[in-house]
$ cat run_15.tsv   # TSV, C-alpha atoms
chain	number	residue	atom	x	y	z
D	1	MET	CA	11.79	-12.80	-15.11
D	2	LEU	CA	8.69	-13.01	-12.93
D	3	ASP	CA	8.31	-16.80	-13.14
D	4	THR	CA	9.57	-17.74	-9.69
D	5	THR	CA	10.29	-16.04	-6.44
D	6	PHE	CA	13.88	-17.22	-6.78
D	7	GLY	CA	14.22	-16.21	-10.40
D	8	ASN	CA	16.16	-13.37	-11.98
D	9	ASP	CA	14.72	-10.85	-9.51
D	10	ASN	CA	17.16	-12.38	-7.01
D	11	TRP	CA	14.94	-11.87	-3.97
D	12	VAL	CA	17.04	-14.24	-1.86
D	13	GLY	CA	20.26	-12.38	-2.66
D	14	ARG	CA	18.68	-9.04	-1.85
D	15	PHE	CA	17.20	-10.47	1.38
D	16	PHE	CA	20.65	-11.58	2.51
D	17	GLY	CA	21.99	-8.21	1.39
D	18	ALA	CA	19.46	-6.53	3.71
D	19	VAL	CA	20.38	-8.93	6.54
D	20	SER	CA	24.07	-8.10	6.00
D	21	VAL	CA	23.44	-4.35	6.23
D	22	LEU	CA	21.42	-4.87	9.42
D	23	VAL	CA	24.19	-7.04	10.92
D	24	VAL	CA	26.81	-4.37	10.09
D	25	GLY	CA	24.62	-1.82	11.93
D	26	LEU	CA	24.23	-4.22	14.89
D	27	ALA	CA	27.97	-4.76	15.13
D	28	ALA	CA	28.62	-1.01	14.93
D	29	GLY	CA	25.99	-0.36	17.62
D	30	ILE	CA	27.56	-2.91	19.98
D	31	ALA	CA	31.03	-1.44	19.30
D	32	ILE	CA	29.76	2.11	20.02
D	33	ALA	CA	28.17	0.95	23.30
D	34	GLU	CA	31.42	-0.69	24.39
D	35	TRP	CA	33.46	2.39	23.32
D	36	VAL	CA	31.16	4.70	25.29
D	37	ASN	CA	31.27	2.37	28.28
D	38	ALA	CA	35.08	2.41	28.25
D	39	MET	CA	35.10	6.23	28.58
D	40	PRO	CA	35.58	7.89	31.96
D	41	ALA	CA	32.07	8.46	33.28
D	42	GLY	CA	32.61	12.05	34.48
D	43	SER	CA	29.65	13.75	36.10
D	44	THR	CA	26.39	12.51	34.68
D	45	PRO	CA	22.91	13.63	35.65
D	46	PRO	CA	20.63	11.10	37.34
D	47	VAL	CA	18.38	9.27	34.89
D	48	VAL	CA	14.80	10.17	35.78
D	49	SER	CA	11.64	9.13	33.99
D	50	HIS	CA	9.37	12.07	33.20
D	51	ARG	CA	6.37	9.72	32.98
D	52	PRO	CA	4.28	9.53	36.18
D	53	PRO	CA	4.61	6.13	37.92
D	54	GLY	CA	2.00	3.55	36.92
D	55	THR	CA	1.24	5.15	33.54
D	56	GLU	CA	3.47	2.91	31.41
D	57	PRO	CA	1.65	1.68	28.30
D	58	ALA	CA	0.61	-1.96	28.41
D	59	GLY	CA	-1.57	-4.51	26.65
D	60	TRP	CA	-3.37	-3.49	23.46
D	61	GLU	CA	-2.28	0.14	23.83
D	62	LEU	CA	1.36	-0.96	23.73
D	63	PHE	CA	0.58	-3.38	20.89
D	64	ALA	CA	-0.89	-0.56	18.75
D	65	PHE	CA	2.05	1.76	19.53
D	66	ILE	CA	4.65	-0.87	18.57
D	67	LEU	CA	2.76	-1.91	15.43
D	68	ARG	CA	2.41	1.69	14.19
D	69	ARG	CA	6.09	2.40	14.76
D	70	ASN	CA	7.23	-0.80	13.04
D	71	LEU	CA	4.89	-0.28	10.09
D	72	THR	CA	6.34	3.22	9.61
D	73	VAL	CA	9.86	1.75	9.49
D	74	PHE	CA	8.59	-0.97	7.11
D	75	LEU	CA	7.17	1.66	4.71
D	76	MET	CA	10.34	3.76	4.98
D	77	LEU	CA	12.37	0.71	3.93
D	78	LEU	CA	10.19	0.38	0.82
D	79	LEU	CA	11.13	3.98	-0.12
D	80	GLY	CA	14.45	2.50	-1.24
D	81	VAL	CA	12.63	1.59	-4.44
D	82	LEU	CA	12.51	5.32	-5.22
D	83	SER	CA	15.99	6.23	-4.00
D	84	ALA	CA	18.25	3.60	-5.59
D	85	GLY	CA	18.17	1.65	-2.30
D	86	LEU	CA	19.67	4.57	-0.36
D	87	VAL	CA	16.84	4.94	2.19
D	88	THR	CA	16.74	1.16	2.70
D	89	ILE	CA	20.46	0.94	3.46
D	90	VAL	CA	20.39	3.96	5.79
D	91	VAL	CA	17.24	2.85	7.68
D	92	LEU	CA	18.55	-0.73	8.06
D	93	LEU	CA	21.90	0.59	9.32
D	94	GLY	CA	20.14	3.01	11.69
D	95	ASN	CA	17.90	0.29	13.12
D	96	GLY	CA	20.86	-2.07	13.42
D	97	LEU	CA	22.78	0.65	15.28
D	98	ALA	CA	19.85	1.24	17.67
D	99	VAL	CA	19.38	-2.47	18.46
D	100	GLY	CA	23.17	-2.96	18.67
D	101	GLN	CA	23.52	-0.12	21.19
D	102	LEU	CA	20.65	-1.60	23.21
D	103	ILE	CA	22.37	-5.01	23.29
D	104	GLY	CA	25.76	-3.41	24.03
D	105	PHE	CA	24.51	-1.28	26.93
D	106	ALA	CA	22.52	-4.22	28.33
D	107	ARG	CA	25.65	-6.37	28.29
D	108	THR	CA	27.89	-3.70	29.81
D	109	SER	CA	25.35	-3.13	32.59
D	110	GLY	CA	25.72	-6.78	33.60
D	111	MET	CA	22.83	-8.48	31.82
D	112	SER	CA	23.65	-12.05	30.75
D	113	HIS	CA	23.61	-13.13	27.10
D	114	ALA	CA	20.72	-15.49	27.88
D	115	ASP	CA	18.59	-12.70	29.36
D	116	VAL	CA	19.28	-10.42	26.37
D	117	ALA	CA	18.24	-13.29	24.10
D	118	TYR	CA	15.03	-13.92	26.12
D	119	LEU	CA	14.11	-10.25	25.76
D	120	LEU	CA	14.92	-9.82	22.07
D	121	LEU	CA	14.55	-13.13	20.24
D	122	PRO	CA	10.83	-13.93	20.71
D	123	HIS	CA	9.67	-10.83	18.83
D	124	GLY	CA	12.98	-9.79	17.23
D	125	VAL	CA	13.21	-12.68	14.78
D	126	LEU	CA	9.76	-11.92	13.33
D	127	GLU	CA	10.20	-8.15	13.47
D	128	LEU	CA	13.68	-7.92	11.96
D	129	GLY	CA	12.83	-10.71	9.48
D	130	ALA	CA	9.86	-8.69	8.21
D	131	LEU	CA	12.00	-5.54	8.04
D	132	CYS	CA	14.63	-7.44	6.02
D	133	ILE	CA	11.90	-8.59	3.58
D	134	ALA	CA	10.97	-4.91	3.12
D	135	GLY	CA	14.69	-4.20	2.83
D	136	ALA	CA	14.96	-6.77	0.02
D	137	ALA	CA	12.13	-4.98	-1.81
D	138	GLY	CA	13.76	-1.60	-1.19
D	139	LEU	CA	17.15	-2.78	-2.49
D	140	ARG	CA	15.41	-3.52	-5.81
D	141	GLY	CA	15.63	0.26	-6.23
D	142	ILE	CA	19.34	-0.08	-7.10
D	143	GLY	CA	18.50	-2.15	-10.18
D	144	LEU	CA	15.58	0.10	-11.10
D	145	ALA	CA	17.79	3.20	-10.96
D	146	PHE	CA	20.21	1.60	-13.44
D	147	GLY	CA	17.35	0.77	-15.79
D	148	ILE	CA	15.37	3.97	-15.32
D	149	SER	CA	15.02	4.57	-19.07
D	150	ALA	CA	13.21	1.22	-19.36
D	151	PHE	CA	11.00	1.67	-16.28
D	152	ASP	CA	7.57	0.27	-17.05
D	153	ARG	CA	4.66	-1.75	-15.61
D	154	ARG	CA	6.74	-4.95	-15.74
D	155	ALA	CA	9.44	-3.40	-13.54
D	156	LEU	CA	6.74	-2.24	-11.12
D	157	GLU	CA	5.16	-5.71	-10.99
D	158	SER	CA	8.53	-7.29	-10.26
D	159	LEU	CA	8.52	-5.49	-6.90
D	160	ARG	CA	5.58	-7.64	-5.67
D	161	LEU	CA	4.62	-4.76	-3.39
D	162	GLY	CA	1.20	-6.26	-2.59
D	163	THR	CA	2.69	-9.52	-1.33
D	164	VAL	CA	5.38	-7.69	0.62
D	165	LEU	CA	2.82	-5.38	2.28
D	166	VAL	CA	0.44	-8.22	3.25
D	167	PHE	CA	3.33	-10.30	4.61
D	168	GLY	CA	4.74	-7.27	6.47
D	169	LEU	CA	1.40	-6.44	8.10
D	170	GLY	CA	0.95	-10.04	9.22
D	171	ALA	CA	4.49	-10.57	10.50
D	172	LEU	CA	4.70	-7.19	12.24
D	173	SER	CA	1.29	-7.70	13.90
D	174	ALA	CA	2.47	-11.05	15.25
D	175	ALA	CA	5.77	-9.50	16.40
D	176	ALA	CA	3.97	-6.60	18.10
D	177	GLY	CA	1.66	-9.11	19.82
D	178	VAL	CA	4.62	-11.12	21.12
D	179	GLU	CA	6.44	-7.95	22.23
D	180	ALA	CA	3.43	-6.44	24.01
D	181	PHE	CA	2.17	-9.59	25.71
D	182	VAL	CA	5.15	-12.00	26.00
D	183	THR	CA	8.32	-9.86	26.12
D	184	VAL	CA	6.76	-7.59	28.76
D	185	GLU	CA	6.09	-10.65	30.96
D	186	ILE	CA	9.68	-11.85	30.46
D	187	ALA	CA	10.97	-8.36	31.35
D	188	GLU	CA	8.84	-8.36	34.52
D	189	SER	CA	10.26	-11.75	35.52
D	190	LEU	CA	13.80	-10.41	35.03
D	191	ARG	CA	13.19	-7.20	37.04
D	192	GLY	CA	15.64	-6.88	39.89
D	193	LYS	CA	17.81	-9.76	38.64
D	194	TRP	CA	20.72	-7.50	37.62
X	1	MET	CA	24.79	5.06	-12.53
X	2	VAL	CA	25.76	8.69	-13.07
X	3	LYS	CA	28.17	7.68	-15.86
X	4	TRP	CA	25.51	5.53	-17.49
X	5	LEU	CA	22.93	8.31	-17.43
X	6	GLY	CA	25.35	10.70	-19.13
X	7	ARG	CA	26.02	14.43	-18.91
X	8	PRO	CA	22.47	15.53	-17.96
X	9	ALA	CA	22.54	13.26	-14.92
X	10	ARG	CA	25.97	14.56	-13.90
X	11	LEU	CA	24.55	18.09	-14.10
X	12	ALA	CA	21.54	16.93	-12.08
X	13	SER	CA	23.61	15.21	-9.40
X	14	LEU	CA	25.83	18.27	-8.76
X	15	PRO	CA	23.15	20.29	-6.88
X	16	VAL	CA	22.24	17.19	-4.86
X	17	LEU	CA	25.90	16.81	-3.86
X	18	VAL	CA	26.16	20.54	-3.01
X	19	TRP	CA	22.99	20.24	-0.91
X	20	PHE	CA	24.33	17.14	0.84
X	21	ALA	CA	27.68	18.82	1.55
X	22	GLY	CA	25.80	21.78	3.03
X	23	LEU	CA	23.65	19.50	5.15
X	24	ALA	CA	26.76	17.68	6.40
X	25	ALA	CA	28.45	21.01	7.28
X	26	PHE	CA	25.27	22.26	9.01
X	27	ALA	CA	24.98	19.01	10.97
X	28	LEU	CA	28.64	19.04	12.00
X	29	ILE	CA	28.58	22.64	13.23
X	30	GLY	CA	25.13	22.37	14.82
X	31	ILE	CA	25.54	18.99	16.51
X	32	ASP	CA	29.12	19.54	17.69
X	33	GLY	CA	28.07	22.98	18.95
X	34	LEU	CA	25.10	21.71	20.94
X	35	PHE	CA	26.64	18.50	22.28
X	36	ALA	CA	30.22	19.54	22.97
X	37	GLY	CA	32.38	17.64	25.43
X	38	PRO	CA	33.92	14.26	26.15
X	39	ASN	CA	31.14	13.14	28.51
X	40	PRO	CA	29.56	9.83	27.34
X	41	VAL	CA	26.13	11.51	27.41
X	42	PHE	CA	27.28	13.92	24.67
X	43	VAL	CA	28.96	11.13	22.70
X	44	ILE	CA	25.69	9.16	22.57
X	45	ALA	CA	23.76	12.34	21.66
X	46	ARG	CA	26.21	13.14	18.83
X	47	VAL	CA	26.07	9.60	17.38
X	48	THR	CA	22.25	9.60	17.52
X	49	ALA	CA	22.06	13.05	15.91
X	50	TYR	CA	24.48	12.12	13.08
X	51	VAL	CA	22.48	8.96	12.29
X	52	THR	CA	19.27	11.03	12.27
X	53	VAL	CA	20.77	13.56	9.84
X	54	VAL	CA	21.88	10.80	7.45
X	55	MET	CA	18.36	9.32	7.62
X	56	VAL	CA	16.84	12.75	6.92
X	57	ALA	CA	19.12	13.19	3.89
X	58	ALA	CA	18.25	9.77	2.48
X	59	VAL	CA	14.52	10.20	3.07
X	60	THR	CA	14.58	13.68	1.47
X	61	THR	CA	16.10	12.25	-1.72
X	62	ALA	CA	13.46	9.49	-1.69
X	63	PHE	CA	10.67	12.07	-1.31
X	64	ALA	CA	12.16	14.09	-4.19
X	65	ALA	CA	12.19	10.87	-6.25
X	66	ALA	CA	8.57	10.17	-5.25
X	67	PHE	CA	7.74	13.71	-6.34
X	68	GLY	CA	9.41	13.02	-9.70
X	69	VAL	CA	7.52	9.74	-10.17
X	70	ALA	CA	4.22	11.50	-9.41
X	71	CYS	CA	5.09	14.28	-11.90
X	72	ALA	CA	5.95	11.65	-14.54
X	73	ALA	CA	2.69	9.78	-13.90
X	74	MET	CA	0.63	12.96	-14.30
X	75	LEU	CA	2.51	14.05	-17.45
X	76	ASN	CA	2.06	10.57	-18.91
X	77	TRP	CA	-1.67	10.73	-18.15
X	78	LEU	CA	-1.84	14.14	-19.85
X	79	GLY	CA	-0.33	12.62	-23.00
X	80	GLU	CA	3.18	14.04	-22.71
X	81	SER	CA	6.02	11.69	-23.67
X	82	LEU	CA	8.94	12.57	-21.42
X	83	ASP	CA	12.09	10.49	-21.05
X	84	PRO	CA	12.49	9.44	-17.36
X	85	ARG	CA	16.01	10.96	-17.51
X	86	GLN	CA	14.46	14.39	-18.16
X	87	ILE	CA	12.41	14.01	-14.96
X	88	VAL	CA	15.55	12.97	-13.03
X	89	ASN	CA	17.33	16.01	-14.47
X	90	ALA	CA	14.52	18.39	-13.44
X	91	MET	CA	14.32	16.98	-9.90
X	92	GLY	CA	18.10	17.05	-9.45
X	93	ARG	CA	18.54	20.61	-10.68
X	94	SER	CA	15.68	21.78	-8.42
X	95	PHE	CA	17.94	20.87	-5.50
X	96	TRP	CA	19.83	24.16	-6.11
X	97	CYS	CA	17.10	25.87	-4.02
X	98	LEU	CA	17.55	23.43	-1.14
X	99	ALA	CA	21.35	23.72	-1.46
X	100	ALA	CA	21.17	27.53	-1.22
X	101	TYR	CA	18.87	27.27	1.81
X	102	VAL	CA	21.18	24.84	3.63
X	103	TRP	CA	24.36	26.83	2.86
X	104	LEU	CA	22.71	30.04	4.11
X	105	GLY	CA	21.94	28.07	7.28
X	106	VAL	CA	25.63	27.07	7.52
X	107	ALA	CA	26.66	30.72	7.17
X	108	SER	CA	24.25	31.83	9.90
X	109	LEU	CA	25.48	29.00	12.18
X	110	ILE	CA	29.08	30.17	11.68
X	111	LEU	CA	28.07	33.76	12.50
X	112	ASP	CA	25.97	32.74	15.50
X	113	PRO	CA	27.05	29.30	16.74
X	114	PRO	CA	24.83	27.52	19.27
X	115	VAL	CA	25.74	27.55	22.97
X	116	ALA	CA	26.58	24.04	24.14
X	117	LEU	CA	24.18	22.28	26.49
X	118	THR	CA	25.53	21.39	29.93
X	119	VAL	CA	25.49	17.81	31.10
X	120	PHE	CA	22.72	18.63	33.59
X	121	GLU	CA	20.59	20.33	30.93
X	122	MET	CA	20.70	17.07	28.99
X	123	SER	CA	18.36	15.45	31.51
X	124	GLU	CA	15.77	18.23	31.08
X	125	PRO	CA	13.10	17.18	28.55
X	126	ASP	CA	12.67	20.67	27.00
X	127	ALA	CA	16.26	21.99	27.20
X	128	LEU	CA	17.21	21.02	23.64
X	129	GLU	CA	14.07	22.57	22.12
X	130	ALA	CA	14.61	25.77	24.14
X	131	ARG	CA	18.27	26.01	23.05
X	132	MET	CA	17.30	25.51	19.40
X	133	ARG	CA	14.71	28.29	19.68
X	134	GLU	CA	17.36	30.60	21.17
X	135	THR	CA	19.86	29.91	18.35
X	136	LYS	CA	19.12	32.30	15.46
X	137	ALA	CA	20.32	29.89	12.74
X	138	PHE	CA	17.95	27.10	13.81
X	139	ALA	CA	15.06	29.57	14.18
X	140	TRP	CA	15.90	31.03	10.73
X	141	MET	CA	15.99	27.57	9.15
X	142	GLY	CA	12.62	26.76	10.70
X	143	GLN	CA	11.01	29.96	9.44
X	144	PHE	CA	12.27	29.73	5.87
X	145	ARG	CA	11.83	26.01	5.21
X	146	TYR	CA	8.59	26.58	3.31
X	147	LEU	CA	10.28	29.22	1.16
X	148	ALA	CA	12.94	26.66	0.17
X	149	LEU	CA	10.19	24.14	-0.57
X	150	VAL	CA	8.31	26.62	-2.76
X	151	GLY	CA	11.59	27.37	-4.56
X	152	PHE	CA	12.08	23.66	-5.19
X	153	LEU	CA	8.54	23.27	-6.59
X	154	ALA	CA	8.81	26.41	-8.75
X	155	THR	CA	12.18	25.33	-10.20
X	156	ALA	CA	10.86	21.82	-10.90
X	157	GLY	CA	7.79	23.29	-12.61
X	158	TRP	CA	9.90	25.71	-14.67
X	159	LEU	CA	12.30	22.93	-15.79
X	160	LEU	CA	9.41	20.62	-16.72
X	161	ALA	CA	7.68	23.45	-18.60
X	162	ARG	CA	10.71	23.67	-20.92
X	163	ARG	CA	9.95	20.10	-22.10
X	164	THR	CA	6.14	20.18	-21.95
X	165	THR	CA	3.39	22.80	-22.09
X	166	PRO	CA	3.45	25.16	-19.08
X	167	LEU	CA	-0.10	24.16	-18.07
X	168	ASN	CA	0.78	20.45	-18.07
X	169	ALA	CA	3.94	21.16	-16.06
X	170	LEU	CA	1.89	23.15	-13.53
X	171	LEU	CA	-0.69	20.36	-13.26
X	172	ALA	CA	2.07	17.78	-12.80
X	173	VAL	CA	3.71	19.81	-10.01
X	174	LEU	CA	0.36	20.41	-8.28
X	175	PHE	CA	-0.55	16.71	-8.48
X	176	ALA	CA	2.88	15.62	-7.25
X	177	SER	CA	2.72	18.14	-4.36
X	178	ALA	CA	-0.68	16.77	-3.32
X	179	ALA	CA	0.55	13.17	-3.61
X	180	LEU	CA	3.66	13.92	-1.54
X	181	ALA	CA	1.62	15.82	1.08
X	182	ALA	CA	-0.69	12.78	1.34
X	183	LEU	CA	2.31	10.44	1.70
X	184	LEU	CA	3.91	12.62	4.40
X	185	THR	CA	0.62	13.02	6.28
X	186	GLY	CA	-0.03	9.29	6.08
X	187	LEU	CA	3.42	8.44	7.43
X	188	GLY	CA	3.06	11.07	10.18
X	189	LEU	CA	-0.33	9.73	11.25
X	190	LEU	CA	0.97	6.17	11.19
X	191	ALA	CA	4.04	7.00	13.28
X	192	GLY	CA	1.95	8.99	15.79
X	193	PRO	CA	3.45	11.10	18.59
X	194	SER	CA	7.13	10.60	19.43
X	195	VAL	CA	6.27	9.64	23.03
X	196	GLY	CA	4.45	6.39	23.76
X	197	PRO	CA	0.80	6.27	24.87
$ encode --input "run_15.tsv" --output "structure tokens"
Amino acid sequence: MLDTTFGNDNWVGRFFGAVSVLVVGLAAGIAIAEWVNAMPAGSTPPVVSHRPPGTEPAGWELFAFILRRNLTVFLMLLLGVLSAGLVTIVVLLGNGLAVGQLIGFARTSGMSHADVAYLLLPHGVLELGALCIAGAAGLRGIGLAFGISAFDRRALESLRLGTVLVFGLGALSAAAGVEAFVTVEIAESLRGKW
Amino acid sequence: MVKWLGRPARLASLPVLVWFAGLAAFALIGIDGLFAGPNPVFVIARVTAYVTVVMVAAVTTAFAAAFGVACAAMLNWLGESLDPRQIVNAMGRSFWCLAAYVWLGVASLILDPPVALTVFEMSEPDALEARMRETKAFAWMGQFRYLALVGFLATAGWLLARRTTPLNALLAVLFASAALAALLTGLGLLAGPSVGP
């Protein structure tokens, strides 16, 4: 059962399961953004930032903030192991919804598909890929819940939590680096374009 | 899964379902009361709040499961031989305390519903917190959350003590509480403040 990564543990199937849940969330988020945008605007308050100008986080400070946040989500996804995959599904859907709304509102405000892709893809592929790996581990909780009477060390080892954690830390660090140092530059270059 | 686990698991899942129904009712009344109106600002706030409530429900069940795993680990270390289904049963039935707490919250929200925020209050950073402090049900829920938690721990300990020695059950609950507190503190420290640096 533990012979290969692609063996009976079905890591690949669970990874694509996690990707599917995320994609459902993304689609729902985009649909919600378009639904909200189609509503009559009514009277809305002006959007004001409560942060003093010039105090936006940048550089390593931003890197640390993004990495901490993403690692928290990563660990939450692993809690699916303990909740029959429930937390994993809900957190993946929630994150998909958030990213989907972001994409939807960016599109409805006039941003081109190419600009949305420039802003999201460089770090998003690594970040969401790592979260889907954690999602695949969390979805293992469904199988564990069915076999709870036979839960033992072998079942625990099949989770490969050490490998998942090391991979997650590496991938999310790289993604946070790209987001803090590359995506910010891209966003600056796009400022005022739309 | 419930069918496979048999009657004890069905008994254990009932309080979880009652708790979840209460949480859903509390969320519906509370969220629709605070963010009432067709304005897109309220629609976005309602969607975000509903998603947050579902996440809270899922994470709470995961923490209860983590608590059960920690109890099982401690009991195993103490030489007790408990079937994992007995742990699931104890954790599930302990949810009666949380269910009672949430349904009392629903009753107090019905008696004293929150006053809806205006669209202009939505842009104020502290308006939501202030409105929640003013609403008796939210304040009541905040004050008594530790009582509900203590009820959960006491019920879990009592149910485990029926299958093990009372001292071992107490040690298991104390160990699991410490483990869960460490997990929650660790996640809180990792996430940091809700506002960026």
$ atom_distance --input "run_15.tsv" --atom1 "CA of Arg163 (chain X)" --atom2 "CA of Ala176 (chain X)"
17.0 Å
$ residues_around --input "run_15.tsv" --residues "Ile110 (chain X)" --least-positions-apart "4" --cutoff "10 Å" --atoms "only C-alpha atoms" --output "mmCIF file with C-alpha atoms, in the coordinates of the input"
data_model
loop_
_atom_site.group_PDB
_atom_site.id
_atom_site.type_symbol
_atom_site.label_atom_id
_atom_site.label_comp_id
_atom_site.auth_asym_id
_atom_site.auth_seq_id
_atom_site.Cartn_x
_atom_site.Cartn_y
_atom_site.Cartn_z
ATOM 1 C CA PHE X 26 25.270 22.260 9.010
ATOM 2 C CA ILE X 29 28.580 22.640 13.230
ATOM 3 C CA GLY X 30 25.130 22.370 14.820
ATOM 4 C CA LEU X 104 22.710 30.040 4.110
ATOM 5 C CA GLY X 105 21.940 28.070 7.280
ATOM 6 C CA VAL X 106 25.630 27.070 7.520
ATOM 7 C CA PRO X 114 24.830 27.520 19.270
ATOM 8 C CA ALA X 137 20.320 29.890 12.740
#
$ atom_distance --input "run_15.tsv" --atom1 "CA of Val184 (chain D)" --atom2 "CA of His113 (chain D)"
17.8 Å
$ atom_distance --input "run_15.tsv" --atom1 "CA of Gly85 (chain D)" --atom2 "CA of Val56 (chain X)"
14.5 Å
$ closest_residue --input "run_15.tsv" --among "X:Leu190, X:Val102, X:Leu111, X:Leu180" --to "chain D" --atoms "only C-alpha atoms"
X:Leu190
$ build_atoms --input "run_15.tsv" --residues "region 169-176 of chain D" --atoms "all heavy atoms" --output "PDB file, in the coordinates of the input"
ATOM      1  N   LEU D 169       2.458  -6.725   7.129  1.00  0.00           N
ATOM      2  CA  LEU D 169       1.400  -6.440   8.100  1.00  0.00           C
ATOM      3  C   LEU D 169       1.184  -7.629   9.022  1.00  0.00           C
ATOM      4  O   LEU D 169       1.067  -7.477  10.244  1.00  0.00           O
ATOM      5  CB  LEU D 169       0.102  -6.064   7.355  1.00  0.00           C
ATOM      6  CG  LEU D 169      -1.048  -5.571   8.209  1.00  0.00           C
ATOM      7  CD1 LEU D 169      -0.680  -4.273   8.916  1.00  0.00           C
ATOM      8  CD2 LEU D 169      -2.299  -5.360   7.374  1.00  0.00           C
ATOM      9  N   GLY D 170       1.160  -8.828   8.428  1.00  0.00           N
ATOM     10  CA  GLY D 170       0.950 -10.040   9.220  1.00  0.00           C
ATOM     11  C   GLY D 170       2.101 -10.281  10.189  1.00  0.00           C
ATOM     12  O   GLY D 170       1.885 -10.480  11.398  1.00  0.00           O
ATOM     13  N   ALA D 171       3.314 -10.258   9.668  1.00  0.00           N
ATOM     14  CA  ALA D 171       4.490 -10.570  10.500  1.00  0.00           C
ATOM     15  C   ALA D 171       4.682  -9.515  11.594  1.00  0.00           C
ATOM     16  O   ALA D 171       4.981  -9.857  12.750  1.00  0.00           O
ATOM     17  CB  ALA D 171       5.735 -10.654   9.625  1.00  0.00           C
ATOM     18  N   LEU D 172       4.491  -8.239  11.237  1.00  0.00           N
ATOM     19  CA  LEU D 172       4.700  -7.190  12.240  1.00  0.00           C
ATOM     20  C   LEU D 172       3.599  -7.188  13.297  1.00  0.00           C
ATOM     21  O   LEU D 172       3.851  -6.852  14.460  1.00  0.00           O
ATOM     22  CB  LEU D 172       4.809  -5.815  11.568  1.00  0.00           C
ATOM     23  CG  LEU D 172       6.075  -5.600  10.737  1.00  0.00           C
ATOM     24  CD1 LEU D 172       6.058  -4.240  10.065  1.00  0.00           C
ATOM     25  CD2 LEU D 172       7.326  -5.738  11.586  1.00  0.00           C
ATOM     26  N   SER D 173       2.367  -7.577  12.907  1.00  0.00           N
ATOM     27  CA  SER D 173       1.290  -7.700  13.900  1.00  0.00           C
ATOM     28  C   SER D 173       1.630  -8.800  14.895  1.00  0.00           C
ATOM     29  O   SER D 173       1.472  -8.638  16.113  1.00  0.00           O
ATOM     30  CB  SER D 173      -0.047  -8.024  13.225  1.00  0.00           C
ATOM     31  OG  SER D 173      -0.388  -7.013  12.331  1.00  0.00           O
ATOM     32  N   ALA D 174       2.093  -9.929  14.364  1.00  0.00           N
ATOM     33  CA  ALA D 174       2.470 -11.050  15.250  1.00  0.00           C
ATOM     34  C   ALA D 174       3.619 -10.628  16.170  1.00  0.00           C
ATOM     35  O   ALA D 174       3.584 -10.888  17.377  1.00  0.00           O
ATOM     36  CB  ALA D 174       2.864 -12.252  14.406  1.00  0.00           C
ATOM     37  N   ALA D 175       4.621  -9.933  15.588  1.00  0.00           N
ATOM     38  CA  ALA D 175       5.770  -9.500  16.400  1.00  0.00           C
ATOM     39  C   ALA D 175       5.342  -8.515  17.478  1.00  0.00           C
ATOM     40  O   ALA D 175       5.800  -8.596  18.630  1.00  0.00           O
ATOM     41  CB  ALA D 175       6.823  -8.857  15.494  1.00  0.00           C
ATOM     42  N   ALA D 176       4.439  -7.578  17.112  1.00  0.00           N
ATOM     43  CA  ALA D 176       3.970  -6.600  18.100  1.00  0.00           C
ATOM     44  C   ALA D 176       3.187  -7.305  19.208  1.00  0.00           C
ATOM     45  O   ALA D 176       3.290  -6.934  20.392  1.00  0.00           O
ATOM     46  CB  ALA D 176       3.106  -5.537  17.416  1.00  0.00           C
TER      47      ALA D 176
END
